[in-house]
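Listing of coords.txt; format and content: compact mmCIF, C-alpha atoms and all ligand atoms.
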```txt
# COMPACT_ATOMS: atom_id res chain seq x y z
CA MET A 20 9.18 115.94 -58.24
CA TYR A 21 6.81 117.08 -55.48
CA ILE A 22 5.65 113.52 -54.88
CA SER A 23 9.21 112.31 -54.75
CA HIS A 24 10.09 115.00 -52.19
CA LEU A 25 6.99 114.22 -50.15
CA SER A 26 7.86 110.57 -50.23
CA ARG A 27 11.36 111.35 -48.94
CA VAL A 28 9.91 113.49 -46.13
CA LEU A 29 7.43 110.80 -45.19
CA ARG A 30 10.18 108.18 -45.17
CA PHE A 31 12.30 110.38 -42.94
CA LEU A 32 9.40 111.02 -40.53
CA PHE A 33 8.64 107.31 -40.47
CA ALA A 34 12.25 106.50 -39.73
CA VAL A 35 12.29 109.07 -36.91
CA PHE A 36 9.02 107.68 -35.56
CA LEU A 37 10.35 104.13 -35.53
CA GLY A 38 13.56 105.34 -34.03
CA SER A 39 11.73 107.26 -31.32
CA ALA A 40 9.63 104.21 -30.49
CA GLY A 41 12.81 102.18 -30.25
CA TRP A 42 14.45 104.85 -28.16
CA GLY A 43 11.58 104.88 -25.67
CA ALA A 44 11.67 101.12 -25.43
CA GLY A 45 15.41 101.31 -24.92
CA LEU A 46 15.00 103.62 -22.00
CA SER A 47 12.67 101.18 -20.37
CA GLN A 48 15.16 98.35 -20.97
CA ALA A 49 18.19 100.19 -19.77
CA HIS A 50 19.20 100.17 -16.16
CA HIS A 51 16.83 98.37 -13.88
CA PRO A 52 15.05 99.23 -11.76
CA LYS A 53 14.02 102.30 -13.74
CA ASP A 54 14.48 105.78 -12.30
CA VAL A 55 16.50 104.54 -9.36
CA THR A 56 19.97 105.70 -8.48
CA TYR A 57 21.73 104.26 -5.48
CA HIS A 58 24.49 106.13 -3.70
CA VAL A 59 28.06 105.10 -3.09
CA PHE A 60 29.64 106.50 0.06
CA GLN A 61 33.03 108.15 -0.26
CA PHE A 62 35.44 107.18 2.49
CA PRO A 63 37.70 109.95 3.80
CA ARG A 64 41.29 109.25 2.91
CA ASP A 65 42.31 108.70 6.51
CA ARG A 66 39.41 106.40 7.34
CA LEU A 67 39.50 103.77 4.64
CA PRO A 68 38.13 100.43 5.73
CA THR A 69 40.60 97.75 6.68
CA ILE A 70 39.73 94.58 4.80
CA ASP A 71 39.78 92.20 7.74
CA GLY A 72 36.16 91.01 8.05
CA ASP A 73 35.54 93.32 11.02
CA PRO A 74 32.66 95.68 10.11
CA ALA A 75 33.54 98.24 12.80
CA ASP A 76 35.14 100.65 10.34
CA TRP A 77 31.85 100.81 8.43
CA GLU A 78 29.98 102.32 11.36
CA MET A 79 30.74 105.76 9.96
CA VAL A 80 28.68 104.92 6.88
CA PRO A 81 25.15 106.21 7.51
CA ALA A 82 22.37 103.64 7.69
CA LYS A 83 20.71 105.15 4.64
CA TYR A 84 23.42 103.59 2.48
CA THR A 85 22.39 100.12 3.56
CA ILE A 86 20.69 98.18 0.78
CA ASP A 87 18.79 95.33 2.37
CA GLY A 88 16.71 92.45 1.12
CA SER A 89 13.67 94.67 0.52
CA HIS A 90 15.44 95.92 -2.62
CA LEU A 91 15.94 92.43 -4.02
CA MET A 92 13.75 90.34 -6.28
CA ASP A 93 13.95 86.66 -7.10
CA THR A 94 13.47 86.54 -10.85
CA VAL A 95 14.16 82.85 -11.41
CA MET A 96 12.39 80.72 -8.81
CA GLY A 97 9.16 82.72 -8.75
CA LYS A 98 9.39 84.25 -5.27
CA GLY A 99 9.32 87.83 -6.45
CA GLN A 100 9.96 90.26 -3.62
CA ASN A 101 8.80 87.88 -0.89
CA LEU A 102 12.17 87.35 0.73
CA ASP A 103 11.69 85.65 4.08
CA PRO A 104 14.31 87.00 6.51
CA LYS A 105 14.22 83.67 8.35
CA ASP A 106 15.47 82.05 5.14
CA LEU A 107 17.87 84.78 4.03
CA ALA A 108 18.58 88.30 5.23
CA VAL A 109 21.18 90.48 3.57
CA GLU A 110 22.56 93.98 3.97
CA VAL A 111 25.05 95.59 1.60
CA LYS A 112 26.98 98.83 1.90
CA VAL A 113 29.08 100.20 -0.96
CA GLY A 114 31.88 102.73 -0.62
CA TRP A 115 34.60 104.16 -2.83
CA SER A 116 37.76 106.22 -2.71
CA PRO A 117 39.36 108.34 -5.44
CA HIS A 118 42.71 107.89 -3.67
CA THR A 119 42.82 104.12 -3.87
CA ASN A 120 40.54 103.90 -6.92
CA ARG A 121 38.70 101.03 -5.29
CA LEU A 122 35.09 100.09 -4.70
CA TYR A 123 34.54 98.76 -1.19
CA PHE A 124 31.79 96.39 -0.12
CA LEU A 125 30.47 95.19 3.20
CA TYR A 126 28.14 92.21 2.76
CA LYS A 127 26.30 90.90 5.80
CA VAL A 128 24.16 87.82 5.41
CA TYR A 129 22.06 85.69 7.72
CA ASP A 130 21.23 82.33 6.15
CA ASP A 131 19.24 79.49 7.70
CA MET A 132 21.48 77.06 5.86
CA HIS A 133 24.96 77.94 4.67
CA ASN A 134 25.55 75.55 1.84
CA PHE A 135 29.11 75.84 0.64
CA ASN A 136 29.45 72.66 -1.34
CA LEU A 137 32.50 72.44 -3.56
CA ALA A 138 30.78 72.75 -6.93
CA ARG A 139 28.42 75.63 -6.22
CA GLY A 140 26.95 76.77 -2.92
CA ASP A 141 25.80 80.17 -1.65
CA ILE A 142 27.04 82.94 -3.91
CA PHE A 143 27.14 86.72 -3.84
CA GLU A 144 27.31 87.67 -7.51
CA VAL A 145 28.49 91.20 -8.26
CA VAL A 146 28.60 92.89 -11.67
CA VAL A 147 30.41 96.19 -12.21
CA ASP A 148 30.23 98.38 -15.32
CA ALA A 149 32.41 101.27 -14.22
CA ASP A 150 32.29 103.41 -17.35
CA HIS A 151 28.55 102.84 -17.66
CA SER A 152 28.98 101.65 -21.19
CA GLY A 153 26.18 99.11 -20.86
CA GLY A 154 25.70 96.41 -23.45
CA ARG A 155 26.41 92.74 -23.66
CA TYR A 156 29.28 91.39 -21.62
CA HIS A 157 28.40 87.71 -21.87
CA THR A 158 27.22 85.05 -24.36
CA PHE A 159 28.76 86.09 -27.66
CA ASP A 160 27.22 83.59 -30.00
CA ASP A 161 28.64 85.08 -33.19
CA VAL A 162 32.29 84.11 -32.54
CA ASP A 163 34.17 80.89 -31.89
CA ALA A 164 34.19 79.34 -28.42
CA GLN A 165 37.66 80.53 -27.42
CA THR A 166 36.96 84.11 -28.46
CA GLU A 167 33.63 83.95 -26.68
CA ALA A 168 35.32 82.88 -23.46
CA ARG A 169 37.85 85.68 -23.78
CA LEU A 170 35.21 88.34 -24.40
CA LYS A 171 33.21 87.54 -21.27
CA SER A 172 33.50 90.15 -18.51
CA THR A 173 35.76 92.41 -20.55
CA THR A 174 33.54 95.52 -20.59
CA ALA A 175 31.73 94.75 -17.32
CA GLN A 176 33.07 92.33 -14.74
CA ASN A 177 30.98 89.58 -13.19
CA TYR A 178 32.32 88.22 -9.88
CA HIS A 179 30.87 85.09 -8.31
CA ILE A 180 31.90 85.29 -4.66
CA PHE A 181 31.53 82.13 -2.59
CA THR A 182 30.05 82.92 0.80
CA PRO A 183 32.03 81.25 2.18
CA PRO A 184 34.21 79.27 -0.23
CA ALA A 185 34.51 75.53 0.29
CA GLU A 186 37.85 74.35 1.58
CA GLY A 187 40.57 74.62 -1.03
CA LYS A 188 38.50 76.82 -3.32
CA ALA A 189 39.30 80.40 -4.37
CA TRP A 190 37.21 83.05 -2.67
CA ALA A 191 35.67 84.13 -5.98
CA TRP A 192 35.48 83.34 -9.65
CA VAL A 193 35.25 85.82 -12.49
CA TRP A 194 32.74 84.75 -15.11
CA GLY A 195 35.31 85.08 -17.85
CA GLU A 196 39.03 84.53 -18.35
CA GLN A 197 40.28 87.28 -16.01
CA GLN A 198 40.90 85.38 -12.78
CA TRP A 199 43.74 87.83 -12.07
CA LEU A 200 41.03 90.26 -10.95
CA ILE A 201 40.45 88.30 -7.74
CA GLU A 202 44.07 88.57 -6.69
CA LYS A 203 45.98 91.36 -4.98
CA PRO A 204 46.53 94.20 -5.69
CA TRP A 205 43.34 94.31 -7.80
CA SER A 206 41.12 93.00 -5.05
CA GLU A 207 41.17 92.19 -1.36
CA HIS A 208 38.75 90.22 0.75
CA ALA A 209 38.09 88.89 4.23
CA PHE A 210 35.33 86.72 5.68
CA ARG A 211 34.09 86.50 9.24
CA TYR A 212 31.71 83.75 10.30
CA ASP A 213 31.23 81.04 12.85
CA PHE A 214 29.08 78.24 11.52
CA GLY A 215 29.52 74.82 9.99
CA TYR A 216 28.39 73.31 6.72
CA LYS A 217 24.63 73.64 6.24
CA GLU A 218 24.23 75.37 9.59
CA ALA A 219 22.44 78.65 10.23
CA GLY A 220 24.35 81.80 11.07
CA GLU A 221 25.68 85.18 10.12
CA LEU A 222 28.55 86.00 7.79
CA TYR A 223 30.43 89.21 7.07
CA LEU A 224 32.31 89.62 3.83
CA GLU A 225 34.41 92.72 3.38
CA PHE A 226 36.11 93.25 0.03
CA SER A 227 37.41 95.75 -2.45
CA ILE A 228 37.66 95.52 -6.22
CA THR A 229 39.30 97.58 -8.94
CA PRO A 230 37.13 98.78 -11.82
CA PHE A 231 38.22 98.21 -15.40
CA ASN A 232 36.76 99.67 -18.58
CA TYR A 233 38.34 96.75 -20.33
CA ALA A 234 39.64 93.67 -18.55
CA SER A 235 41.71 91.45 -20.78
CA PHE A 236 42.22 87.71 -20.44
CA ARG A 237 45.90 88.51 -20.99
CA GLY A 238 46.13 90.36 -17.71
CA PRO A 239 46.23 93.87 -16.23
CA LYS A 240 48.99 95.07 -18.58
CA TYR A 241 46.64 94.66 -21.51
CA SER A 242 43.63 96.12 -19.71
CA ALA A 243 42.18 99.63 -19.27
CA LEU A 244 41.80 100.80 -15.70
CA HIS A 245 38.78 102.94 -14.91
CA GLN A 246 39.39 106.07 -12.87
CA LEU A 247 36.63 106.59 -10.31
CA GLU A 248 35.61 110.24 -9.94
CA GLU A 249 33.07 112.15 -7.93
CA GLY A 250 29.64 112.42 -9.49
CA GLN A 251 30.15 109.52 -11.86
CA THR A 252 27.31 107.08 -12.36
CA ILE A 253 28.41 103.49 -12.66
CA GLY A 254 26.46 100.33 -13.40
CA LEU A 255 26.41 97.92 -10.46
CA SER A 256 24.26 95.01 -9.45
CA TRP A 257 24.38 91.98 -7.25
CA SER A 258 22.47 88.82 -6.78
CA VAL A 259 22.36 86.39 -3.91
CA LEU A 260 22.14 82.75 -4.95
CA ASP A 261 20.83 80.90 -1.93
CA TYR A 262 21.54 77.18 -1.91
CA ASP A 263 20.01 75.42 1.09
CA GLU A 264 19.03 71.74 1.11
CA HIS A 265 19.84 71.08 -2.53
CA ASP A 266 23.47 71.26 -3.62
CA ASP A 267 22.65 71.66 -7.28
CA ARG A 268 19.68 74.02 -7.19
CA TYR A 269 19.41 77.40 -5.58
CA GLU A 270 16.20 78.49 -3.87
CA GLY A 271 16.32 82.02 -5.12
CA PHE A 272 18.17 84.35 -7.47
CA TRP A 273 17.72 87.48 -5.36
CA ASN A 274 18.94 90.35 -7.46
CA LEU A 275 19.02 94.11 -7.20
CA SER A 276 18.43 94.61 -10.90
CA HIS A 277 15.04 92.87 -10.79
CA HIS A 278 16.09 91.34 -14.05
CA THR A 279 17.77 87.95 -14.44
CA ARG A 280 19.68 89.07 -17.49
CA MET A 281 21.84 91.36 -15.43
CA ASP A 282 24.07 88.34 -15.96
CA TYR A 283 24.16 89.07 -19.68
CA THR A 284 23.95 92.81 -20.38
CA ALA A 285 25.29 95.72 -18.39
CA SER A 286 22.33 97.75 -19.66
CA LEU A 287 20.28 96.05 -16.95
CA LEU A 288 22.50 97.05 -14.05
CA PRO A 289 21.14 99.60 -11.58
CA ASN A 290 22.75 103.03 -11.48
CA PHE A 291 25.04 103.96 -8.61
CA LYS A 292 26.39 107.47 -8.14
CA LEU A 293 29.80 108.10 -6.58
CA LEU A 294 29.11 110.77 -4.01
CA PRO A 295 31.52 113.58 -3.15
CA LEU A 296 33.09 113.53 0.27
CA ALA A 297 31.06 116.48 1.55
CA ALA A 298 27.78 114.93 0.41
CA SER A 299 28.70 111.65 2.05
CA GLN A 300 29.37 113.41 5.33
CA LEU A 301 26.34 115.70 5.12
CA GLN A 302 24.11 112.71 4.92
CA SER A 303 25.51 111.10 7.99
CA GLY A 304 23.12 110.96 10.91
CA ARG A 305 20.02 110.79 8.79
CA PRO A 306 17.59 107.98 9.52
CA SER A 307 17.79 104.76 7.58
CA ALA A 308 15.52 103.41 4.86
CA ALA A 309 16.03 104.92 1.42
CA ALA A 310 19.37 104.06 -0.03
CA ALA A 311 17.95 105.05 -3.38
CA ASP A 312 16.76 108.27 -4.91
CA GLY A 313 14.06 108.18 -7.49
CA GLY A 314 12.96 110.53 -10.19
CA PRO A 315 14.44 112.69 -12.87
CA ARG A 316 16.91 114.48 -10.62
CA ASP A 317 19.19 111.53 -10.97
CA ALA A 318 18.33 110.67 -14.53
CA VAL A 319 21.35 109.20 -16.19
CA ARG A 320 22.82 108.92 -19.61
CA PRO A 321 20.22 107.07 -21.64
CA LEU A 322 20.40 103.86 -23.55
CA ALA A 323 23.76 102.53 -22.58
CA ILE A 324 23.55 99.64 -25.02
CA LEU A 325 24.67 102.02 -27.76
CA PRO A 326 28.35 102.45 -28.48
CA GLY A 327 28.38 106.17 -27.73
CA PRO A 328 26.01 109.10 -27.65
CA ARG A 329 22.59 109.14 -29.24
CA PRO A 330 23.03 108.41 -32.95
CA ALA A 331 22.15 110.84 -35.72
CA ALA A 332 18.69 110.41 -37.18
CA SER A 333 19.89 108.63 -40.28
CA PRO A 334 18.08 105.53 -41.48
CA ARG A 335 21.29 103.55 -40.97
CA GLY A 336 21.61 104.89 -37.42
CA TRP A 337 18.08 103.93 -36.59
CA ARG A 338 18.54 100.54 -38.20
CA LEU A 339 21.54 99.90 -35.97
CA LEU A 340 19.62 101.12 -32.96
CA ARG A 341 16.61 98.93 -33.69
CA GLY A 342 18.88 95.94 -34.25
CA ALA A 343 20.63 96.53 -30.93
CA LEU A 344 17.31 96.89 -29.15
CA ARG A 345 15.92 93.77 -30.75
CA ARG A 346 18.94 91.76 -29.65
CA THR A 347 18.77 93.10 -26.11
CA ARG A 348 15.02 92.52 -25.89
CA ARG A 349 15.36 89.00 -27.22
CA ALA A 350 18.02 88.22 -24.65
CA ALA A 351 16.12 90.01 -21.92
CA ARG A 352 12.95 88.02 -22.60
CA SER A 353 14.69 84.74 -21.97
CA PRO A 354 14.38 83.81 -18.29
CA ARG A 355 16.83 80.96 -18.67
CA ARG A 356 20.04 81.11 -16.78
CA ALA A 357 22.67 78.49 -17.12
CA HIS A 358 25.74 78.44 -14.95
CA ARG A 359 28.83 76.62 -15.90
CA ALA A 360 30.29 74.96 -12.84
CA PRO A 361 32.82 77.39 -11.43
CA SER A 362 36.42 76.42 -11.74
CA GLN A 363 37.82 74.82 -8.67
CA CA B 401 37.10 96.09 8.36
CA CA B 402 18.46 80.16 3.00
CA CA B 403 21.94 79.04 1.83
```
Mind converting the file's structure to C-alpha cells?
Ligand SMILES: [Ca+2]
Ligand SMILES: [Ca+2]
Ligand SMILES: [Ca+2]
Amino acid sequence: MYISHLSRVLRFLFAVFLGSAGWGAGLSQAHHPKDVTYHVFQFPRDRLPTIDGDPADWEMVPAKYTIDGSHLMDTVMGKGQNLDPKDLAVEVKVGWSPHTNRLYFLYKVYDDMHNFNLARGDIFEVVVDADHSGGRYHTFDDVDAQTEARLKSTTAQNYHIFTPPAEGKAWAWVWGEQQWLIEKPWSEHAFRYDFGYKEAGELYLEFSITPFNYASFRGPKYSALHQLEEGQTIGLSWSVLDYDEHDDRYEGFWNLSHHTRMDYTASLLPNFKLLPLAASQLQSGRPSAAAADGGPRDAVRPLAILPGPRPAASPRGWRLLRGALRRTRRAARSPRRAHRAPSQ
C-alpha cells in the first residue's frame, strides 16, 4: 500500500519534472528574440497616415520606433547580423489605430540592386498573429493537400509583399488561400520609388492591413476579425528577401525573428505591444536607437504554442505539451525553407 502510494507520488513528481523541463524549453522556443518586446505607435484619430507612399505623415512617429537593419539576422545564407548597408538598408515603423482597427507600416529600403523579376524578386515578408495564439500556421502534413492549402495563414497571416511588384503582378501574395486580404477594404498600399530594374535606389512602401484571428479561404464573411486594443501584445515579424544578381536565389533572408521558421510557427514571432495614445505621445522627442524593451517588465503570456492557458499538471496534459514541443522543436531545427513560386 505504502509502496504503491510512494510509486504514485514519484510518478507524479517525475511527470511534473518532465513537464517543467518541457515548459522551460518552450519558453526559450516561443517568441524570438527572447525577452524583447517592440512597440507599436498609436496614431491619434485625426492624424492617421494617408496611404499614398509619401512618408511625411510618419514624421510624428518618434525615431525610437524605427526598427532598422541592426535588428535583423540572415538565418539562411549564413550572413548572421552582418548586414552591409551598401547592399541593403531598411527601416520599418509600425503604427496602429483602435478606430480603424488597422496596423500601419512604413517600409523604407535602400537596395543596391532592385530585382523585381516576375517569378520572385525582392520581398518584404510580414507575418501577423494578432491574438498571439502562436503555433503552426503553415505546413500541415497530417491532412490532404487541399485542406493543407486552406489551413495556411488561417491563424496567423503571412504576406509576401513585392518591393516593388513586377509589371502586371499583384502588390502582395498571401501564403495561403486568402488573397482577399490584399484587397480593399482589408488592406491598402502605396509605393514610391524612382529606379529601374536591377538598379540601385530607395523605395518607400506604405501599407495597412487588417488583423484576423481566423482568416478563411472562403472570405471575410467566414473569418474572425481581431479587435486591436491598447496594451495588447501581438506576434509580428518580417523578413527581407534580397534578390540581386540572381533571379532565383536571394542573397539573404533578413528577419526580425532571428529564426527562419517564423515562416512556419507563430510561436517564433517577436512580441509587439500596442501602446496607448498617451504613451505614444509621451515618448515623442526622445532620441532614437532602442525600438525594443528588454527584460521581465514586458514579459508576455508564455508558450503560445499551446491551445490556451498553461495546462493542468496531469500526465495527459504534460504528454500533450511534450508532443507539441517536440513537433515545434523538430520543425524549428530544420533550416530548410522552400518557397512555392508566388501566384502571378
Ligand atoms: Ca503617407
Ligand atoms: Ca542588395
Ligand atoms: Ca535586391
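Here atom CA of A:Thr252 and atom CA of A:Trp192 stand 25.3 Å from one another.
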- Message: I'd like to know which of A:Pro104, A:Pro239, A:Pro289, A:Pro204 is closest to ligand CA 403 (chain B), using all atoms listed in the file.
- Response: A:Pro104
- Message: Need to verify the contact set: A:Glu196, 8 Å, only C-alpha atoms, exclusion of same-chain residues closer than 2 positions in sequence. Can you return it as a ChimeraX atom specification?
- Response: /A:168-169,171-172,193-194,198,235-236
- Item | Exercise answer, 9 Å around ligand CA 403 (chain B) with all atoms listed in the file, as a list in words | Asp106, Leu107, Tyr129, Asp130, Asp131, Met132, His133, Asn134, Phe135, Gly140, Asp141, Ile142, Lys217, Glu218, Ala219, Leu260, Asp261, Tyr262, Asp263, Glu264, Tyr269 and Glu270 of chain A
Can those selected residues be exported to a file as a compact mmCIF listing (two decimals), in the frame of the given file so that it contains C-alpha atoms?
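What landed in selection14.txt:
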```txt
# COMPACT_ATOMS: atom_id res chain seq x y z
CA ASP A 106 15.47 82.05 5.14
CA LEU A 107 17.87 84.78 4.03
CA TYR A 129 22.06 85.69 7.72
CA ASP A 130 21.23 82.33 6.15
CA ASP A 131 19.24 79.49 7.70
CA MET A 132 21.48 77.06 5.86
CA HIS A 133 24.96 77.94 4.67
CA ASN A 134 25.55 75.55 1.84
CA PHE A 135 29.11 75.84 0.64
CA GLY A 140 26.95 76.77 -2.92
CA ASP A 141 25.80 80.17 -1.65
CA ILE A 142 27.04 82.94 -3.91
CA LYS A 217 24.63 73.64 6.24
CA GLU A 218 24.23 75.37 9.59
CA ALA A 219 22.44 78.65 10.23
CA LEU A 260 22.14 82.75 -4.95
CA ASP A 261 20.83 80.90 -1.93
CA TYR A 262 21.54 77.18 -1.91
CA ASP A 263 20.01 75.42 1.09
CA GLU A 264 19.03 71.74 1.11
CA TYR A 269 19.41 77.40 -5.58
CA GLU A 270 16.20 78.49 -3.87
```
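Taking atom CA of A:Tyr212 and atom CA of A:Val109 as endpoints, the distance between them is 14.2 Å.
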